[in-house]
Amino acid sequence: MNRKKLFPRIMFGLIVATIFAMSASSQLTGVVKITGGSVQGVPGNDPAVTAFKGLPFAAPPVGDLRWRAPQPVVPWDGIRKADKLSNSCIQYEVYERKPWTHEFMAHNDMSEDCLYLNVWTPAKSSSEKLAVYMFIHGGGNTEGSTAVPVYDGEGLAKKGVIVITVNYRLGIFASLVHPELTAEAPYHASGNYQILDLISALQWIKQNIAQFGGDPNKVTIGGQSAGSGNVFSLTTSPLAKGLFRGAINESGASATVFAARSLPLAELEKVGQAFAAAKGAKSIAELRRLSWQQLMEPIPAANPGEKPPTFRFGSAIDGYVFPLSPADTYLQGKQNDVPTLMGYNLNDNTGPAPHPDINLADYKKLVASLYGDSSDEFLKLYPATTDDEAKTAYMHATWDRVRSSVYYWAMWRASRTAKTNLYSYFWDHVIPGPDSEIFGVFHTSEVPYALNSISKSDRPFTDQDRKIADTLSTYWSNFIKNGNPDGPGLAHWPSTAEAAGMTMEIGNKYNPIPITGDKEKQQFFEKYWNSPERLTK
């Protein structure tokens with residue numbers, strides 16, 4: 001070919017390639033096309049991360065859509081500025097509940113129109129195929145929000161992963177089971193709306209995350225407390241199959257999951273009918289006409305001196321979201337079998353530390369209720385003859401109980417149908433701040449370290465805290481990227497299969513520690529957790 005003719009073609013190709021490269025590198029700070037329309041993100045505090053806040057993943061569940069499975073996103077015109085968090089889902093607002101101070105609480109407006117998620121991405125183009133982490137907030141499935149300051153995803157995103165936080169319906173808006181709702185649903189079930197919301201968010205990620213530089217096949221789900229329980233639920237729901245490849249459970253899933261009851265749909269429908277009657281509603285249509293404030297109003301006692309009625313729903317074994325109980329799902333090999341990282345905090349279950357609010361008499365009552373015919377054997381291992389001894393025995397027994405519950409859940413899981421690894425931990429660092437000497441390593445205190453978000457709190461953090469946050473979030477990001485927390489420069493974190501009878505201490509130190517104080521205690525808990533009534537119901 002004539003060189004004079006070839007040169008313009010080469011130059012044209014170079015110009016096209018340059019334009020494409022420029023558009024790709026600036027794409028995530030420009031306009032991104034997603035389900036429903038176009039959005040524009042904003043630079044994070046660190047401009048290496050771009051934030052897209054308040055992205056709808058479903059239609060607002062209001063009016064006739066209250067107590068229905070999430071519906072498709074409502075499209076919008078123009079470019080949506082994604083610079084603000086959405087309203088929180090309906091809940092009782094709590095400013096502070098020590099040890100949970102301001103940064104652990106949601107403080108923005110509430111609305112039933114709350115099904116939105118947030119994306120923090122370090123990607124510079126849509127071609128990077130980064131691993132993705134969807135974090136599910138805690139709060140007992142009755143409170144919590146992506147607006148909680150320490151749930152900010154920027155710090156973890158700086159570790160090279162895309163972080164997503166998601167709202168989901170709470171309380172009665174998430175859990176109501178009723179025959180009319182069952183009849184109107186195309187899948188012939190009701191309740192479990194919070195899990196359906198989370199599945200809808202995962203489907204949104206599958207469809208859209210590539211636009212933010214993510215890989216839809218590299219999604220890890222994680223959560224803390226009730227969020228951890230919801231992660232566990234997603235591993236047992238066939239509707240979530242193929243939507244994630246790893247799971248992180250912080251303080252909310254272990255062998256004790258099998259002690260929690262999932263109830264049949266028909267049984268919970270009766271609870272729903274009683275709730276409607278207590279609200280003076282003769283039909284679901286009448287319940288839908290009530291304001292959210294009316295639905296949230298406490299129901300008074302029927303007669304003076306009586307306790308007000310309570311309505312507990314929980315998970316419905318509905319043949320759709322949950323065809324089987326959790327244990328039967330695992331026994332039959334029908335779970336979503338993914339690598340899992342899970343554990344507990346030093347003072348998750350002990351109350352105030354180092355002096356829990358328990359005396360000798362209450363300690364013995366608690367032992368009898370937990371261990372029944374094995375109580376005498378237990379008390380030989382964890383003896384107490386005074387109130388002070390009871391406090392100490394209670395704390396050490398509780399640490400052994402929670403560490404062993406995770407370990408033996410892992411062993412039970414592996415011995416049945418699971419093929420993937422489980423990595424367990426025990427978090428032991430006291431977060432500085434108000435009354436730290438009382439509350440110790442309290443429930444949720446690991447979250448700002450794991451998410452690398454301690455900058456969102458005004459607690460008196462030290463260089464040690466910042467180093468711990470950097471280390472812990474690196475373990476988390478490694479697991480999100482590879483399904484294994486190990487990485488260069490970190491202490492080796494063995495799986496439960498690799499290190500028999502051990503769990504990983506994280507926080508003050510990083511090394512495997514025994515799940516119990518000695519061999520006799522371990523044998524006691526092995527027998528306890530492997531009993532049929534705990535692992536098959």
# chains A, B, ... in the order shown; residues from 1 in each chain; ligands from 1
$ residues_around --residues "Ser283 in chain A" --least-positions-apart "3" --cutoff "10 Å" --atoms "only C-alpha atoms" --output "list in words"
His178, Pro179, Glu180, Leu181, Gln273, Ala276, Ala277, Gly280, Glu286, Leu287 and Arg288 of chain A
$ closest_atom_pairs --of "range 271-341 of chain A" --to "range 217-224 of chain A" --cutoff "10 Å" --atoms "only C-alpha atoms" --output "tab-separated table"
residue	atom	partner	partner_atom	distance
A:Val338	CA	A:Thr220	CA	9.2
A:Pro339	CA	A:Thr220	CA	9.4
A:Thr340	CA	A:Gly222	CA	9.4
A:Leu341	CA	A:Gly222	CA	9.0
$ atom_distance --atom1 "CA of Ala51 in chain A" --atom2 "CA of Thr146 in chain A"
13.3 Å
$ select_by_dssp --residues "range 227-432 of chain A" --states "helix (DSSP H, G or I)" --output "ChimeraX atom specification"
/A:227-235,238-240,255-259,265-278,284-289,292-296,326-331,360-381,387-416
$ residues_around --residues "range 61-77 of chain A" --least-positions-apart "3" --cutoff "9 Å" --atoms "only C-alpha atoms" --output "ChimeraX atom specification"
/A:35-38,56-58,80,112-115,169,173-177,181,184-185,190-193,196-197,200,285,288-289
